[in-house]
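**Student:** Input structure: target.cif, which contains mmCIF, C-alpha atoms.
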data_protein
loop_
_atom_site.group_PDB
_atom_site.id
_atom_site.type_symbol
_atom_site.label_atom_id
_atom_site.label_comp_id
_atom_site.auth_asym_id
_atom_site.auth_seq_id
_atom_site.Cartn_x
_atom_site.Cartn_y
_atom_site.Cartn_z
ATOM 1 C CA MET A 1 52.485 9.797 -50.047
ATOM 2 C CA ASP A 2 53.568 11.093 -53.413
ATOM 3 C CA PHE A 3 53.484 8.444 -56.137
ATOM 4 C CA SER A 4 53.061 8.266 -59.895
ATOM 5 C CA ILE A 5 51.626 5.697 -62.266
ATOM 6 C CA ARG A 6 52.835 5.210 -65.808
ATOM 7 C CA ALA A 7 52.860 2.633 -68.586
ATOM 8 C CA ALA A 8 55.464 -0.095 -68.088
ATOM 9 C CA ASN A 9 58.390 -0.258 -70.508
ATOM 10 C CA VAL A 10 60.825 -3.076 -71.209
ATOM 11 C CA GLU A 11 63.297 -1.760 -68.601
ATOM 12 C CA ASP A 12 60.656 -2.327 -65.919
ATOM 13 C CA CYS A 13 60.617 -6.091 -66.480
ATOM 14 C CA LYS A 14 63.285 -6.717 -63.840
ATOM 15 C CA ASP A 15 61.193 -5.014 -61.140
ATOM 16 C CA ILE A 16 57.949 -6.554 -62.426
ATOM 17 C CA ALA A 17 59.545 -10.022 -62.283
ATOM 18 C CA ARG A 18 60.651 -9.297 -58.707
ATOM 19 C CA MET A 19 57.155 -8.176 -57.686
ATOM 20 C CA ILE A 20 55.476 -11.142 -59.427
ATOM 21 C CA VAL A 21 57.427 -13.428 -57.096
ATOM 22 C CA GLU A 22 56.483 -11.260 -54.085
ATOM 23 C CA LEU A 23 52.807 -11.503 -55.070
ATOM 24 C CA ALA A 24 53.088 -15.280 -55.505
ATOM 25 C CA GLU A 25 54.650 -15.496 -52.034
ATOM 26 C CA TYR A 26 51.647 -13.569 -50.670
ATOM 27 C CA GLU A 27 49.366 -16.080 -52.443
ATOM 28 C CA LYS A 28 51.471 -18.890 -50.918
ATOM 29 C CA VAL A 29 52.621 -20.309 -54.247
ATOM 30 C CA ALA A 30 56.024 -18.755 -54.979
ATOM 31 C CA ASP A 31 57.326 -22.075 -56.367
ATOM 32 C CA HIS A 32 54.672 -21.888 -59.115
ATOM 33 C CA VAL A 33 56.338 -18.952 -60.869
ATOM 34 C CA LYS A 34 58.088 -20.048 -64.050
ATOM 35 C CA VAL A 35 57.981 -16.750 -65.955
ATOM 36 C CA THR A 36 61.320 -14.933 -66.032
ATOM 37 C CA GLN A 37 62.342 -11.350 -66.713
ATOM 38 C CA ARG A 38 63.255 -12.398 -70.245
ATOM 39 C CA ASP A 39 59.815 -13.974 -70.834
ATOM 40 C CA LEU A 40 58.199 -10.704 -69.769
ATOM 41 C CA GLU A 41 60.426 -8.742 -72.141
ATOM 42 C CA GLN A 42 59.534 -11.004 -75.057
ATOM 43 C CA ASP A 43 55.856 -11.495 -74.303
ATOM 44 C CA GLY A 44 54.986 -7.947 -73.241
ATOM 45 C CA PHE A 45 57.094 -5.786 -75.474
ATOM 46 C CA SER A 46 57.135 -7.447 -78.881
ATOM 47 C CA LYS A 47 54.972 -6.630 -81.916
ATOM 48 C CA ASN A 48 51.864 -8.489 -80.668
ATOM 49 C CA PRO A 49 52.186 -8.330 -76.894
ATOM 50 C CA PHE A 50 50.351 -10.858 -74.734
ATOM 51 C CA PHE A 51 49.947 -8.291 -71.976
ATOM 52 C CA HIS A 52 50.399 -4.645 -70.976
ATOM 53 C CA GLY A 53 51.581 -3.233 -67.682
ATOM 54 C CA ILE A 54 51.445 -0.124 -65.525
ATOM 55 C CA VAL A 55 53.912 0.637 -62.760
ATOM 56 C CA ALA A 56 53.594 2.695 -59.552
ATOM 57 C CA GLU A 57 56.708 4.623 -58.543
ATOM 58 C CA VAL A 58 57.644 6.697 -55.520
ATOM 59 C CA PRO A 59 60.253 9.483 -55.405
ATOM 60 C CA GLU A 60 63.840 8.617 -54.474
ATOM 61 C CA GLN A 61 63.403 9.815 -50.861
ATOM 62 C CA HIS A 62 60.690 7.161 -50.269
ATOM 63 C CA LYS A 63 62.550 4.218 -51.807
ATOM 64 C CA THR A 64 62.563 0.854 -49.999
ATOM 65 C CA LYS A 65 65.378 -0.474 -47.809
ATOM 66 C CA ASP A 66 66.690 -2.331 -50.880
ATOM 67 C CA GLY A 67 66.575 0.825 -52.987
ATOM 68 C CA HIS A 68 63.447 0.156 -55.060
ATOM 69 C CA THR A 69 61.336 3.081 -56.290
ATOM 70 C CA LYS A 70 59.034 0.868 -58.393
ATOM 71 C CA ILE A 71 56.729 -0.373 -55.653
ATOM 72 C CA GLY A 72 53.568 -1.621 -57.374
ATOM 73 C CA TYR A 73 52.218 -2.776 -60.712
ATOM 74 C CA ALA A 74 49.169 -3.991 -62.563
ATOM 75 C CA LEU A 75 49.377 -6.337 -65.530
ATOM 76 C CA TYR A 76 46.409 -6.595 -67.916
ATOM 77 C CA PHE A 77 45.320 -7.713 -71.373
ATOM 78 C CA TYR A 78 42.279 -7.322 -73.581
ATOM 79 C CA SER A 79 39.727 -10.087 -73.670
ATOM 80 C CA TYR A 80 36.249 -10.633 -75.110
ATOM 81 C CA SER A 81 32.788 -11.471 -73.904
ATOM 82 C CA SER A 82 30.591 -12.955 -76.603
ATOM 83 C CA TRP A 83 27.665 -11.346 -74.719
ATOM 84 C CA SER A 84 29.018 -7.851 -74.024
ATOM 85 C CA GLY A 85 31.988 -7.395 -76.340
ATOM 86 C CA ARG A 86 35.376 -5.925 -75.517
ATOM 87 C CA ALA A 87 36.660 -6.493 -72.013
ATOM 88 C CA ILE A 88 39.851 -5.919 -70.040
ATOM 89 C CA TYR A 89 41.317 -8.553 -67.748
ATOM 90 C CA MET A 90 43.539 -7.570 -64.839
ATOM 91 C CA GLU A 91 45.932 -10.484 -64.340
ATOM 92 C CA ASP A 92 47.909 -9.000 -61.431
ATOM 93 C CA LEU A 93 47.514 -6.098 -59.017
ATOM 94 C CA TYR A 94 50.264 -5.688 -56.442
ATOM 95 C CA VAL A 95 51.659 -3.091 -54.060
ATOM 96 C CA MET A 96 54.662 -3.841 -51.836
ATOM 97 C CA PRO A 97 53.533 -4.314 -48.198
ATOM 98 C CA GLU A 98 55.216 -1.198 -46.797
ATOM 99 C CA PHE A 99 53.350 0.972 -49.343
ATOM 100 C CA ARG A 100 49.869 -0.378 -48.716
ATOM 101 C CA GLY A 101 47.056 1.633 -47.189
ATOM 102 C CA LYS A 102 47.988 4.690 -49.280
ATOM 103 C CA SER A 103 45.482 4.137 -52.120
ATOM 104 C CA ILE A 104 48.174 3.067 -54.576
ATOM 105 C CA GLY A 105 46.375 -0.221 -55.306
ATOM 106 C CA LYS A 106 43.139 1.642 -55.888
ATOM 107 C CA ALA A 107 44.919 4.072 -58.218
ATOM 108 C CA LEU A 108 46.436 1.204 -60.228
ATOM 109 C CA MET A 109 43.083 -0.529 -60.561
ATOM 110 C CA SER A 110 41.343 2.700 -61.558
ATOM 111 C CA LYS A 111 43.982 3.287 -64.198
ATOM 112 C CA VAL A 112 43.320 -0.186 -65.668
ATOM 113 C CA ALA A 113 39.574 0.636 -65.695
ATOM 114 C CA GLN A 114 40.284 3.954 -67.428
ATOM 115 C CA LEU A 115 42.480 2.280 -70.055
ATOM 116 C CA GLY A 116 39.770 -0.311 -70.596
ATOM 117 C CA LEU A 117 37.045 2.281 -71.121
ATOM 118 C CA ALA A 118 39.320 4.197 -73.502
ATOM 119 C CA ALA A 119 39.654 1.000 -75.561
ATOM 120 C CA GLY A 120 35.883 0.507 -75.674
ATOM 121 C CA CYS A 121 35.689 -2.204 -73.005
ATOM 122 C CA ASN A 122 32.494 -2.865 -71.041
ATOM 123 C CA GLN A 123 33.939 -5.072 -68.323
ATOM 124 C CA LEU A 124 36.983 -5.258 -66.086
ATOM 125 C CA ASN A 125 37.454 -8.860 -64.964
ATOM 126 C CA PHE A 126 39.941 -10.598 -62.680
ATOM 127 C CA THR A 127 40.109 -13.417 -60.141
ATOM 128 C CA VAL A 128 40.760 -13.537 -56.430
ATOM 129 C CA LEU A 129 41.250 -16.433 -54.021
ATOM 130 C CA ASP A 130 38.311 -17.024 -51.712
ATOM 131 C CA TRP A 131 40.487 -16.992 -48.573
ATOM 132 C CA ASN A 132 41.960 -13.596 -49.535
ATOM 133 C CA LYS A 133 39.413 -11.672 -47.530
ATOM 134 C CA PRO A 134 41.240 -8.299 -47.486
ATOM 135 C CA SER A 135 41.377 -8.271 -51.290
ATOM 136 C CA LEU A 136 37.835 -9.601 -51.742
ATOM 137 C CA ASP A 137 36.451 -6.975 -49.325
ATOM 138 C CA PHE A 138 38.417 -4.255 -51.107
ATOM 139 C CA TYR A 139 37.124 -5.201 -54.550
ATOM 140 C CA LEU A 140 33.512 -5.573 -53.412
ATOM 141 C CA SER A 141 33.676 -2.224 -51.624
ATOM 142 C CA GLN A 142 34.758 -0.624 -54.912
ATOM 143 C CA GLY A 143 31.580 -1.807 -56.658
ATOM 144 C CA SER A 144 32.607 -5.111 -58.230
ATOM 145 C CA PHE A 145 30.595 -8.293 -57.888
ATOM 146 C CA ASP A 146 31.623 -11.905 -57.384
ATOM 147 C CA ILE A 147 30.478 -13.794 -60.494
ATOM 148 C CA THR A 148 31.439 -17.136 -58.993
ATOM 149 C CA ALA A 149 29.418 -16.612 -55.807
ATOM 150 C CA ASP A 150 26.502 -14.812 -57.520
ATOM 151 C CA MET A 151 26.141 -16.691 -60.803
ATOM 152 C CA GLY A 152 27.982 -19.959 -60.205
ATOM 153 C CA TYR A 153 30.802 -19.619 -62.733
ATOM 154 C CA HIS A 154 33.760 -21.929 -62.106
ATOM 155 C CA CYS A 155 37.275 -21.312 -63.509
ATOM 156 C CA MET A 156 38.583 -24.345 -65.359
ATOM 157 C CA ARG A 157 42.082 -25.080 -66.596
ATOM 158 C CA CYS A 158 43.818 -27.599 -68.874
ATOM 159 C CA GLU A 159 47.613 -27.733 -68.736
ATOM 160 C CA GLY A 160 50.558 -30.115 -68.974
ATOM 161 C CA GLU A 161 49.718 -33.578 -70.247
ATOM 162 C CA ALA A 162 45.990 -32.915 -70.425
ATOM 163 C CA LEU A 163 46.627 -29.960 -72.747
ATOM 164 C CA GLU A 164 49.104 -31.947 -74.870
ATOM 165 C CA HIS A 165 46.489 -34.652 -75.238
ATOM 166 C CA LEU A 166 43.775 -32.176 -76.239
ATOM 167 C CA ALA A 167 46.003 -30.634 -78.884
ATOM 168 C CA GLN A 168 46.640 -33.935 -80.683
ATOM 169 C CA PRO A 169 45.188 -33.580 -84.194
ATOM 170 C CA MET B 1 20.525 -16.092 -70.131
ATOM 171 C CA SER B 2 19.784 -14.901 -73.686
ATOM 172 C CA ASP B 3 18.769 -11.438 -72.424
ATOM 173 C CA GLN B 4 22.395 -10.973 -71.400
ATOM 174 C CA VAL B 5 23.598 -10.881 -75.025
ATOM 175 C CA LYS B 6 24.245 -7.229 -75.832
ATOM 176 C CA ILE B 7 26.398 -7.421 -78.939
ATOM 177 C CA SER B 8 25.467 -8.130 -82.518
ATOM 178 C CA HIS B 9 27.269 -9.390 -85.608
ATOM 179 C CA GLU B 10 28.531 -5.816 -86.203
ATOM 180 C CA GLU B 11 30.637 -5.838 -83.025
ATOM 181 C CA LEU B 12 31.947 -9.311 -83.906
ATOM 182 C CA GLU B 13 32.982 -8.120 -87.370
ATOM 183 C CA ARG B 14 34.691 -5.042 -85.948
ATOM 184 C CA ASP B 15 36.399 -6.717 -82.995
ATOM 185 C CA GLY B 16 37.399 -10.048 -84.514
ATOM 186 C CA PHE B 17 38.629 -8.950 -87.911
ATOM 187 C CA CYS B 18 40.467 -5.684 -87.298
ATOM 188 C CA GLN B 19 44.234 -5.213 -87.189
ATOM 189 C CA ASN B 20 44.603 -6.237 -83.530
ATOM 190 C CA PRO B 21 41.654 -8.588 -83.085
ATOM 191 C CA PHE B 22 40.166 -9.109 -79.631
ATOM 192 C CA PHE B 23 39.390 -12.741 -80.418
ATOM 193 C CA GLU B 24 39.746 -15.577 -82.913
ATOM 194 C CA CYS B 25 37.044 -18.009 -83.904
ATOM 195 C CA LEU B 26 36.751 -21.486 -85.338
ATOM 196 C CA VAL B 27 33.555 -22.732 -86.967
ATOM 197 C CA ALA B 28 32.292 -26.267 -87.555
ATOM 198 C CA GLU B 29 30.468 -26.913 -90.811
ATOM 199 C CA VAL B 30 28.603 -29.888 -92.218
ATOM 200 C CA HIS B 31 27.901 -30.784 -95.821
ATOM 201 C CA GLU B 32 24.813 -29.404 -97.559
ATOM 202 C CA GLU B 33 23.045 -32.766 -97.348
ATOM 203 C CA ASP B 34 23.454 -32.824 -93.545
ATOM 204 C CA LYS B 35 22.313 -29.243 -92.966
ATOM 205 C CA ALA B 36 20.069 -28.275 -90.023
ATOM 206 C CA LYS B 37 16.266 -28.143 -90.300
ATOM 207 C CA GLU B 38 16.472 -24.341 -90.803
ATOM 208 C CA GLY B 39 19.075 -24.740 -93.554
ATOM 209 C CA PHE B 40 22.283 -23.942 -91.605
ATOM 210 C CA THR B 41 25.499 -25.728 -92.500
ATOM 211 C CA MET B 42 27.453 -23.855 -89.834
ATOM 212 C CA VAL B 43 26.579 -25.890 -86.753
ATOM 213 C CA GLY B 44 29.136 -24.980 -84.091
ATOM 214 C CA TYR B 45 31.884 -22.555 -83.107
ATOM 215 C CA ALA B 46 34.666 -21.893 -80.628
ATOM 216 C CA LEU B 47 35.627 -18.309 -79.746
ATOM 217 C CA TYR B 48 38.941 -17.802 -77.972
ATOM 218 C CA PHE B 49 41.695 -15.280 -77.306
ATOM 219 C CA TYR B 50 45.237 -15.219 -75.949
ATOM 220 C CA THR B 51 45.903 -14.324 -72.339
ATOM 221 C CA TYR B 52 48.871 -14.284 -69.978
ATOM 222 C CA SER B 53 49.709 -15.901 -66.695
ATOM 223 C CA THR B 54 52.456 -14.087 -64.799
ATOM 224 C CA TRP B 55 53.340 -17.455 -63.301
ATOM 225 C CA LYS B 56 53.397 -19.697 -66.347
ATOM 226 C CA GLY B 57 53.306 -17.432 -69.426
ATOM 227 C CA ARG B 58 51.264 -17.564 -72.593
ATOM 228 C CA SER B 59 47.767 -18.993 -72.301
ATOM 229 C CA VAL B 60 44.612 -19.320 -74.355
ATOM 230 C CA TYR B 61 41.117 -18.643 -73.016
ATOM 231 C CA LEU B 62 38.131 -20.434 -74.510
ATOM 232 C CA GLU B 63 35.285 -17.930 -74.221
ATOM 233 C CA ASP B 64 32.611 -19.967 -76.032
ATOM 234 C CA LEU B 65 32.240 -23.533 -77.217
ATOM 235 C CA TYR B 66 28.910 -24.375 -78.839
ATOM 236 C CA VAL B 67 27.377 -27.056 -81.033
ATOM 237 C CA MET B 68 23.736 -26.889 -82.123
ATOM 238 C CA PRO B 69 21.704 -29.478 -80.152
ATOM 239 C CA GLU B 70 20.827 -31.709 -83.150
ATOM 240 C CA PHE B 71 24.563 -32.101 -83.943
ATOM 241 C CA ARG B 72 25.758 -33.068 -80.482
ATOM 242 C CA GLY B 73 27.192 -36.432 -79.550
ATOM 243 C CA LYS B 74 29.197 -36.667 -82.797
ATOM 244 C CA GLY B 75 32.586 -35.440 -81.575
ATOM 245 C CA ILE B 76 32.161 -31.922 -83.004
ATOM 246 C CA GLY B 77 32.577 -30.188 -79.624
ATOM 247 C CA LYS B 78 35.618 -32.288 -78.898
ATOM 248 C CA GLY B 79 36.996 -31.466 -82.359
ATOM 249 C CA LEU B 80 36.551 -27.727 -81.792
ATOM 250 C CA LEU B 81 38.132 -27.913 -78.342
ATOM 251 C CA GLY B 82 41.078 -29.881 -79.683
ATOM 252 C CA LYS B 83 41.579 -27.373 -82.477
ATOM 253 C CA VAL B 84 41.670 -24.465 -79.993
ATOM 254 C CA ALA B 85 44.276 -26.370 -77.962
ATOM 255 C CA GLU B 86 46.279 -26.931 -81.159
ATOM 256 C CA MET B 87 46.103 -23.219 -82.092
ATOM 257 C CA GLY B 88 47.281 -22.385 -78.578
ATOM 258 C CA LYS B 89 50.146 -24.841 -78.827
ATOM 259 C CA LYS B 90 51.306 -23.149 -82.068
ATOM 260 C CA GLU B 91 51.568 -19.899 -80.087
ATOM 261 C CA GLN B 92 53.473 -21.719 -77.321
ATOM 262 C CA CYS B 93 50.637 -21.460 -74.842
ATOM 263 C CA VAL B 94 51.013 -23.607 -71.761
ATOM 264 C CA ARG B 95 47.440 -23.298 -70.494
ATOM 265 C CA LEU B 96 43.914 -23.412 -71.840
ATOM 266 C CA GLN B 97 41.323 -21.851 -69.517
ATOM 267 C CA LEU B 98 37.573 -21.437 -69.597
ATOM 268 C CA SER B 99 34.623 -21.044 -67.258
ATOM 269 C CA VAL B 100 31.555 -23.185 -66.847
ATOM 270 C CA LEU B 101 28.383 -22.735 -64.819
ATOM 271 C CA GLU B 102 28.096 -24.802 -61.662
ATOM 272 C CA TRP B 103 24.771 -26.346 -62.687
ATOM 273 C CA ASN B 104 26.006 -27.307 -66.161
ATOM 274 C CA THR B 105 26.871 -30.897 -65.246
ATOM 275 C CA PRO B 106 27.182 -32.253 -68.836
ATOM 276 C CA SER B 107 29.763 -29.573 -69.670
ATOM 277 C CA ARG B 108 31.607 -29.954 -66.353
ATOM 278 C CA ASP B 109 31.812 -33.701 -66.947
ATOM 279 C CA PHE B 110 32.971 -33.158 -70.549
ATOM 280 C CA TYR B 111 35.840 -30.884 -69.498
ATOM 281 C CA ALA B 112 36.744 -33.012 -66.468
ATOM 282 C CA ALA B 113 36.989 -36.039 -68.758
ATOM 283 C CA LYS B 114 39.503 -34.067 -70.832
ATOM 284 C CA GLY B 115 41.667 -33.463 -67.783
ATOM 285 C CA ALA B 116 40.502 -29.937 -66.927
ATOM 286 C CA LEU B 117 40.901 -28.912 -63.290
ATOM 287 C CA ASP B 118 38.183 -26.976 -61.512
ATOM 288 C CA LEU B 119 40.200 -24.139 -59.976
ATOM 289 C CA THR B 120 37.191 -22.757 -58.122
ATOM 290 C CA ASP B 121 36.538 -26.027 -56.295
ATOM 291 C CA ASN B 122 40.185 -27.068 -55.922
ATOM 292 C CA GLU B 123 41.920 -23.759 -55.157
ATOM 293 C CA GLY B 124 39.146 -21.287 -54.295
ATOM 294 C CA TRP B 125 39.452 -18.949 -57.305
ATOM 295 C CA HIS B 126 36.518 -16.605 -57.852
ATOM 296 C CA PHE B 127 35.783 -14.428 -60.894
ATOM 297 C CA ILE B 128 35.227 -10.777 -60.039
ATOM 298 C CA ARG B 129 33.770 -8.167 -62.388
ATOM 299 C CA PHE B 130 33.286 -4.421 -62.683
ATOM 300 C CA ASP B 131 30.807 -3.278 -65.330
ATOM 301 C CA GLY B 132 28.259 -0.539 -66.050
ATOM 302 C CA GLN B 133 28.185 2.411 -63.679
ATOM 303 C CA ASN B 134 30.606 0.730 -61.249
ATOM 304 C CA LEU B 135 33.221 0.511 -64.004
ATOM 305 C CA ASP B 136 32.673 4.160 -64.951
ATOM 306 C CA ASN B 137 32.987 5.241 -61.302
ATOM 307 C CA LEU B 138 36.209 3.282 -60.864
ATOM 308 C CA ALA B 139 37.727 4.764 -64.020
ATOM 309 C CA ASN B 140 36.797 8.304 -62.933
ATOM 310 C CA GLU B 141 38.934 7.884 -59.827
ATOM 311 C CA ALA B 142 42.119 7.202 -61.816
ATOM 312 C CA PRO B 143 44.903 9.706 -61.104
ATOM 313 C CA LYS B 144 45.180 12.447 -63.689
ATOM 314 C CA ASP B 145 48.299 12.116 -65.858
#
Could you rewrite the structure in this file as structure tokens?

**Tutor:**
Amino acid sequence: MDFSIRAANVEDCKDIARMIVELAEYEKVADHVKVTQRDLEQDGFSKNPFFHGIVAEVPEQHKTKDGHTKIGYALYFYSYSSWSGRAIYMEDLYVMPEFRGKSIGKALMSKVAQLGLAAGCNQLNFTVLDWNKPSLDFYLSQGSFDITADMGYHCMRCEGEALEHLAQP
Amino acid sequence: MSDQVKISHEELERDGFCQNPFFECLVAEVHEEDKAKEGFTMVGYALYFYTYSTWKGRSVYLEDLYVMPEFRGKGIGKGLLGKVAEMGKKEQCVRLQLSVLEWNTPSRDFYAAKGALDLTDNEGWHFIRFDGQNLDNLANEAPKD
């Protein structure tokens, strides 16, 4: 299937917001999504953006039942490893179900890798849920490794009251 | 894992103090009279950067938190951690995230005592990485513009 990948612009935030919710539904946590289209516009397209995005589009003749031509995205930001230096973190990778199996996800991920290398990054990092076997198998088959399983790294988070408490001077 | 460290102070200078820095850093210092055996007054640091959660928004990631062994148990680590949280709050971050090795019980206990959740144990999140030749191979397969 014919598709194209390009950098996201502020007009894409409506579709990205839609697909973020679809991805959260896939991960069984749609009620967790608090970020809105407006948050994306402010946080991704201001002077010091918190993230960058790329969007996958199909031609008009392949649009979805609801009329969407933007059918996938990847959202990423630059991070740092005090051991290896510059890194790129892929926060989201998503392709709408009816467009899967056409290498669009692979193309999005490769594009993030390419952008990372162009910026001098040595790592592409992201997370996946352990029950998400299709995704885990896909990533491992592409040459990634599972740092949690192999090296024992655990992801930790502070939020809400715990974070408020930590931030008390 | 000291053989894993591939960068030097030159990369830190370039990447942390350029126009769009990749990270920020806090340092902990003691007075001259309390300096380390080797003469250091800089005895700890926290290296962090801003990230994004498409569910919750702005976040801060604590990449490193370290206090030299002879200065531990004095609240310096806690002070550094609190300062990172405060910096994050100024930027309206709603999350502070980090990673810790499974066998590192003192650190796991320290963070758990501060209210940190272990997302790997509780929700099944795993870190995945592409680097080296695998990263190059992946990038080479990107569609041509």

**Student:** With distances taken over all atoms listed in the file, which residue among B:Gly39, B:Ala46, B:Cys18, B:Phe23 lies nearest chain A?

**Tutor:** B:Phe23

**Student:** Could you list the residues in chain A lying within 6 Å of chain B, using all atoms listed in the file, and format the result as number ranges by chain?

**Tutor:** A: 33-35, 83-84, 107, 110-111, 113-114, 122-130, 143-148, 152-159, 162, 166-167

**Student:** Interatomic distance between CA of Pro59 in chain A and CA of Asp12 in chain A?

**Tutor:**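 Between CA of Pro59 in chain A and CA of Asp12 in chain A the gap is 15.8 Å.
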
**Student:** List every protein, DNA or RNA residue that has at least one atom no more than 10 Å from (27.1, -23.9, -83.8) in the file's coordinates, counting all atoms listed in the file, and write the result as an MDAnalysis selection string.

**Tutor:** chainID B and resid 27:29 40:46 65:69 71:72 76:77

**Student:** Please report the interatomic distance between CA of Asp137 in chain A and CA of Gly116 in chain A in Å with one decimal.

**Tutor:**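 Between these atoms lies a distance of 22.5 Å.
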
**Student:** What does the distance from CA of Leu80 in chain B to CA of Leu26 in chain B come to in Å, to one decimal?

**Tutor:**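 The value is 7.2 Å.
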
**Student:** Which residue gives the smallest distance to Asp15 in chain A among A:Phe3, A:Tyr78, A:Phe50, A:Tyr94, with all atoms listed in the file counted?

**Tutor:** A:Tyr94

**Student:** Here's the selection I'm unsure about, the PyMOL selection byres ((chain A and resi 93) around 8); applied to the file above, which residues does it give, as number ranges by chain?

**Tutor:** A: 72-75, 90-92, 94-95, 105, 108-109

**Student:** I want to know what sits within 6 Å of Thr69 in chain A, based on only C-alpha atoms, with residues of the same chain fewer than 2 positions away left out; could you give that as a ChimeraX atom specification?

**Tutor:** /A:57-58,63,71

**Student:** Which is closest to Val30 in chain B among B:Arg14, B:Glu91, B:Thr105, B:Lys74, if we use only C-alpha atoms?

**Tutor:**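 When distances to Val30 in chain B are compared using only C-alpha atoms, the smallest one comes from B:Lys74.
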